[in-house]
Amino acid sequence: MLKIYNTLSRKKESFRPRKDKKVNLFVCGPTVYDFSHLGHARTYIVFDVIAKYLREKGYDVFYLQNITDIDDKIINRAKEKNISPQKLASGFKREYLKDMKALKIDAVSEYAKATKYVKEIISQVERLLKKRYAYQIKDGIYYDISRFKRYGRLSKRTALQAEDAVSRIDEDKEKRNKGDFCLWKFSKPEEPKWKSPWGEGRPGWHIEDTAITEKHFGPRYDIHGGAKDLIFPHHEAEIAQMEAISGKKPLVKYWIHSGFLTVKGQKMAKSLGNFITIRDFLKENPARLLRLLIIKTHYRSPVDYNEKLLSQAKKELEKINEFLDKLKNQKGTAQLAARNPKLIRNLISKTKKEFDRAMRDDFNTPEALAAIFNLVTEGNYLIAQNKVRPKDARHLLKLLKEIDKVFNFIFWKMPKEKIPQALLNLVKQREECRKKELWQKADELRKKIKELGYRVEDTKVGAKLKRI
Ligand SMILES: [Zn+2]
């Protein structure tokens with residue numbers, strides 16, 4: 001049985017979706033006003049792995065993610081750049097999706113742009129007003145937190161703390177309670193606006209998510225994920241909105257929150273100026289390295305990003321690469337395998353079991369990773385002992401491919417190698433010698449090419465180079 005740590009109960013709970021094997025999963029997406037950084041990469045790698053694991057276990061996962069494309073940050077940044085907020089948001093949405101693609105974060109079933117759900121947002125605000133959970137003041141419509149008795153149940157508090165992600169400052173002297181948050185904001189001149197029964201304006205942040213999830217999933221669903229700085233006020237507000245509207249609870253059965261990516265113990269954040277963009281990281285490092293680096297830590301623990309962690313991950317990746325090379329090039333000379341045919345079979349089933357046991361325990365990726373590295377160590381030992389037949393090597397590769405459906409860092413198509421011009425010249429010279437039937441000279445050139453680490457293969461369409 002899969003166990004998941006639920007923020008709502010602060011306990012690991014057995015995972016039982018609301019309906020059979022169907023899992024509706026919603027994860028808070030980015031506010032697209034700038035390039036995404038490694039902190040964002042962490043969140044989305046974590047939920048990519050979780051969604052992929054659930055699918056591997058036979059769950060039918062619909063993974064929905066919103067994209068906040070209207071927000072104070074977007075409006076302010078657009079002003080600075082002297083472009084329209086729409087243009088800024090659509091540009092950075094594109095860049096965000098490019099980053100996700102580069103990191104092979106591809107488990108999301110659908111991205112939902114907030115501005116496409118204005119009709120649903122207005123409907124939710126209307127219902128909240130009707131039920132008197134919301135009230136109108138000069139600058140917008142607010143949620144009255146004193147009306148919702150369970151407010152604070154998820155976060156165990158009702159007041160802001162320094163670490164909370166705040167999208168906009170919902171400060172207005174007319175508010176009934178200090179913690180009341182904005183549902184609909186009347187627009188100032190030159191700001192993006194939509195028509196509503198209360199005048200032109202734009203949606204608040206928290207209401208986006210419940211409007212989107214109600215449309216796709218209804219008033220209740222299985223899992224809501226996000227980084228832990230969203231617990232308060234963002235997720236607390238979502239519960240207050242949707243449960244007040246529907247009268248049904250809980251909005252979400254399992255709340256999963258990922259830890260921060262820190263630099264010297266401090267959260268990586270744009271506002272703190274200590275961030276590395278995904279783009280910049282990928283200029284220097286392969287994308288699979290970032291996936292491995294994130295998977296090395298349990299999703300709820302902080303990842304402190306530093307040189308040591310980076311070089312550790314690099315070494316581990318190298319170790320995996322070497323092992324894969326050995327497996328792929330395993331020749332049929334293994335002698336001792338026949339004496340113990342169960343050797344590899346046992347190793348494979350042990351690894352599978354360890355991997356699954358770790359993942360079933362609240363997605364314990366570092367332990368699952370340890371199972372992979374145990375396999376590498378034992379596999380290397382058996383190869384050195386000449387106990388791995390080509391058939392065994394194929395089975396081991398198959399196992400790693402299965403595991404990689406979840407982790408997605410082991411097998412990665414390498415960029416095409418650039419063959420030096422000098423080497424290409426040698427091939428050309430050899431071709432010419434062969435045409436002129438200068439066999440001895442052609443053979444000498446072949447040897448020269450071999451010394452450079454390549455083998456020439458003569459095909460119908462000409463000579464081809466293969467790395468030795
Ligand atoms: Zn959200």
# chains A, B, ... in the order shown; residues from 1 in each chain; ligands from 1

call {"tool": "closest_atom_pairs", "arguments": {"of": "chain A", "to": "ligand 1", "cutoff": "12 Å", "atoms": "only C-alpha atoms and all ligand atoms", "output": "CSV"}}
result
residue,atom,partner,partner_atom_place_in_ligand_line,distance
A:Phe26,CA,ligand 1,1 (Zn),8.8
A:Val27,CA,ligand 1,1 (Zn),7.0
A:Cys28,CA,ligand 1,1 (Zn),3.9
A:Gly29,CA,ligand 1,1 (Zn),6.4
A:Pro30,CA,ligand 1,1 (Zn),8.2
A:Thr31,CA,ligand 1,1 (Zn),9.3
A:Leu64,CA,ligand 1,1 (Zn),11.2
A:Gln65,CA,ligand 1,1 (Zn),8.6
A:Asn66,CA,ligand 1,1 (Zn),7.1
A:Ile67,CA,ligand 1,1 (Zn),8.5
A:Thr68,CA,ligand 1,1 (Zn),8.1
A:Asp69,CA,ligand 1,1 (Zn),11.9
A:Ala112,CA,ligand 1,1 (Zn),11.2
A:Lys113,CA,ligand 1,1 (Zn),11.6
A:Ala114,CA,ligand 1,1 (Zn),10.2
A:Ala165,CA,ligand 1,1 (Zn),10.4
A:Val166,CA,ligand 1,1 (Zn),11.1
A:Ser167,CA,ligand 1,1 (Zn),10.2
A:Gly204,CA,ligand 1,1 (Zn),11.0
A:Trp205,CA,ligand 1,1 (Zn),7.5
A:His206,CA,ligand 1,1 (Zn),6.4
A:Ile207,CA,ligand 1,1 (Zn),8.7
A:Glu208,CA,ligand 1,1 (Zn),7.4
A:Asp209,CA,ligand 1,1 (Zn),5.4
A:Thr210,CA,ligand 1,1 (Zn),8.6
A:Ala211,CA,ligand 1,1 (Zn),10.9
A:Ile212,CA,ligand 1,1 (Zn),10.0
A:Thr213,CA,ligand 1,1 (Zn),10.4
A:His224,CA,ligand 1,1 (Zn),9.2
A:Gly225,CA,ligand 1,1 (Zn),8.8
A:Gly226,CA,ligand 1,1 (Zn),7.4
A:Ala227,CA,ligand 1,1 (Zn),9.6
A:Lys228,CA,ligand 1,1 (Zn),11.3
A:Asp229,CA,ligand 1,1 (Zn),10.8
A:Leu230,CA,ligand 1,1 (Zn),7.3
A:Ile231,CA,ligand 1,1 (Zn),9.6
A:Phe232,CA,ligand 1,1 (Zn),10.9
A:Pro233,CA,ligand 1,1 (Zn),10.3
A:His234,CA,ligand 1,1 (Zn),6.6
A:His235,CA,ligand 1,1 (Zn),7.1
A:Glu236,CA,ligand 1,1 (Zn),10.6
A:Ala237,CA,ligand 1,1 (Zn),10.0
A:Glu238,CA,ligand 1,1 (Zn),8.3
A:Ile239,CA,ligand 1,1 (Zn),11.6
A:His257,CA,ligand 1,1 (Zn),11.9

call {"tool": "residues_around", "arguments": {"residues": "stretch 308-322 of chain A", "least_positions_apart": "6", "cutoff": "8 Å", "atoms": "only C-alpha atoms", "output": "list in words"}}
result
Leu289, Leu292, Leu293, Val376 and Ile410 of chain A

call {"tool": "write_last_selection", "arguments": {"atoms": "N, CA and C atoms", "output": "PDB file, in the first residue's frame"}}
result
ATOM      1  N   LEU A 289      21.197  15.864 -15.119  1.00  0.00           N
ATOM      2  CA  LEU A 289      21.909  16.089 -13.864  1.00  0.00           C
ATOM      3  C   LEU A 289      20.990  16.792 -12.852  1.00  0.00           C
ATOM      4  N   LEU A 292      18.540  14.271 -11.393  1.00  0.00           N
ATOM      5  CA  LEU A 292      19.199  13.427 -10.401  1.00  0.00           C
ATOM      6  C   LEU A 292      19.433  14.207  -9.104  1.00  0.00           C
ATOM      7  N   LEU A 293      19.910  15.420  -9.255  1.00  0.00           N
ATOM      8  CA  LEU A 293      20.218  16.254  -8.091  1.00  0.00           C
ATOM      9  C   LEU A 293      18.985  16.470  -7.197  1.00  0.00           C
ATOM     10  N   VAL A 376      24.147  -1.021  -9.376  1.00  0.00           N
ATOM     11  CA  VAL A 376      25.335  -0.665 -10.162  1.00  0.00           C
ATOM     12  C   VAL A 376      26.576  -1.292  -9.533  1.00  0.00           C
ATOM     13  N   ILE A 410      18.218   8.389 -16.352  1.00  0.00           N
ATOM     14  CA  ILE A 410      19.237   7.390 -16.687  1.00  0.00           C
ATOM     15  C   ILE A 410      19.488   7.341 -18.194  1.00  0.00           C
TER      16      ILE A 410
END

call {"tool": "residues_around", "arguments": {"residues": "A:Phe260", "least_positions_apart": "2", "cutoff": "7 Å", "atoms": "only C-alpha atoms", "output": "list in words"}}
result
Gly39, Ser258, Thr262, Lys267, Pro302 and Val303 of chain A

call {"tool": "residues_around", "arguments": {"residues": "A:Leu423", "least_positions_apart": "6", "cutoff": "10 Å", "atoms": "only C-alpha atoms", "output": "ChimeraX atom specification"}}
result
/A:429,448-449,452,454,465

call {"tool": "atom_distance", "arguments": {"atom1": "atom CA of A:Glu457", "atom2": "atom CA of A:Arg434"}}
result
13.1 Å

call {"tool": "select_by_dssp", "arguments": {"residues": "stretch 155-316 of chain A", "states": "strand (DSSP E or B)", "output": "PyMOL selection string"}}
result
chain A and resi 182-186+194+201-203+221-227+252-258+261-263+266-267+277+303-304

call {"tool": "closest_atom_pairs", "arguments": {"of": "stretch 71-140 of chain A", "to": "stretch 186-199 of chain A", "cutoff": "8 Å", "atoms": "only C-alpha atoms", "output": "CSV"}}
result
residue,atom,partner,partner_atom,distance
A:Ile75,CA,A:Glu191,CA,7.3
A:Pro85,CA,A:Pro192,CA,7.4
A:Val118,CA,A:Trp194,CA,7.8
A:Ile122,CA,A:Ser196,CA,6.8
A:Asp139,CA,A:Phe186,CA,5.5
A:Gly140,CA,A:Phe186,CA,5.1

call {"tool": "closest_atom_pairs", "arguments": {"of": "stretch 231-296 of chain A", "to": "stretch 128-133 of chain A", "cutoff": "8 Å", "atoms": "only C-alpha atoms", "output": "JSON lines"}}
result
{"residue": "A:Gln241", "atom": "CA", "partner": "A:Leu128", "partner_atom": "CA", "distance": 7.5}
{"residue": "A:Ala244", "atom": "CA", "partner": "A:Leu128", "partner_atom": "CA", "distance": 7.3}
{"residue": "A:Ile245", "atom": "CA", "partner": "A:Leu128", "partner_atom": "CA", "distance": 6.1}

call {"tool": "atom_distance", "arguments": {"atom1": "atom CA of A:Gln86", "atom2": "atom CA of A:Leu272"}}
result
25.7 Å

call {"tool": "closest_residue", "arguments": {"among": "A:Thr351, A:Asn346, A:Asn274, A:Gln421", "to": "A:Glu402", "atoms": "only C-alpha atoms"}}
result
A:Thr351

call {"tool": "residues_around", "arguments": {"residues": "stretch 2-8 of chain A", "least_positions_apart": "2", "cutoff": "8 Å", "atoms": "only C-alpha atoms", "output": "mmCIF file with C-alpha atoms, in the first residue's frame"}}
result
data_model
loop_
_atom_site.group_PDB
_atom_site.id
_atom_site.type_symbol
_atom_site.label_atom_id
_atom_site.label_comp_id
_atom_site.auth_asym_id
_atom_site.auth_seq_id
_atom_site.Cartn_x
_atom_site.Cartn_y
_atom_site.Cartn_z
ATOM 1 C CA ARG A 10 0.461 15.836 9.422
ATOM 2 C CA LYS A 11 0.608 12.063 9.059
ATOM 3 C CA LYS A 12 1.522 9.422 6.541
ATOM 4 C CA GLU A 13 -1.782 7.996 5.291
ATOM 5 C CA SER A 14 -2.625 5.023 3.112
ATOM 6 C CA PHE A 15 -3.423 6.247 -0.354
ATOM 7 C CA ARG A 153 -6.956 24.021 9.603
ATOM 8 C CA LEU A 154 -4.409 23.169 6.914
ATOM 9 C CA SER A 155 -1.669 25.556 8.006
ATOM 10 C CA TYR A 254 -4.271 14.520 0.154
ATOM 11 C CA TRP A 255 -2.232 17.700 0.341
ATOM 12 C CA ILE A 256 1.372 17.182 -0.769
ATOM 13 C CA HIS A 257 3.913 19.943 -0.198
ATOM 14 C CA MET A 359 8.705 4.779 -3.374
ATOM 15 C CA ARG A 360 5.676 3.369 -1.618
ATOM 16 C CA ASP A 361 6.866 5.010 1.584
ATOM 17 C CA ASP A 362 5.862 8.593 0.789
ATOM 18 C CA PHE A 363 7.916 8.672 -2.432
#

call {"tool": "select_by_dssp", "arguments": {"residues": "stretch 18-237 of chain A", "states": "helix (DSSP H, G or I)", "output": "VMD selection string"}}
result
chain A and resid 38 to 56 72 to 81 85 to 102 114 to 130 145 to 147 206 to 217 228 to 237

call {"tool": "residues_around", "arguments": {"residues": "stretch 216-220 of chain A", "least_positions_apart": "3", "cutoff": "7 Å", "atoms": "only C-alpha atoms", "output": "compact mmCIF listing (two decimals) with N, CA and C atoms, in the first residue's frame"}}
result
# COMPACT_ATOMS: atom_id res chain seq x y z
N ASN A 24 -7.25 12.46 -9.55
CA ASN A 24 -7.23 13.84 -10.03
C ASN A 24 -6.20 14.61 -9.21
N ILE A 212 -10.57 26.69 -11.61
CA ILE A 212 -10.02 25.71 -12.56
C ILE A 212 -10.33 24.28 -12.11
N THR A 213 -10.10 24.01 -10.82
CA THR A 213 -10.30 22.61 -10.38
C THR A 213 -11.78 22.26 -10.34
N MET A 242 -13.70 26.97 -1.79
CA MET A 242 -14.45 25.88 -2.42
C MET A 242 -15.38 25.18 -1.43
N SER A 246 -19.39 24.93 -2.00
CA SER A 246 -20.06 23.64 -2.26
C SER A 246 -20.74 23.07 -1.02
N PRO A 250 -13.74 17.03 2.33
CA PRO A 250 -12.72 18.05 2.09
C PRO A 250 -12.58 18.35 0.59
N LEU A 251 -12.14 19.58 0.30
CA LEU A 251 -11.84 19.96 -1.09
C LEU A 251 -10.83 18.98 -1.66
N VAL A 252 -9.80 18.70 -0.85
CA VAL A 252 -8.70 17.85 -1.32
C VAL A 252 -8.47 16.73 -0.30
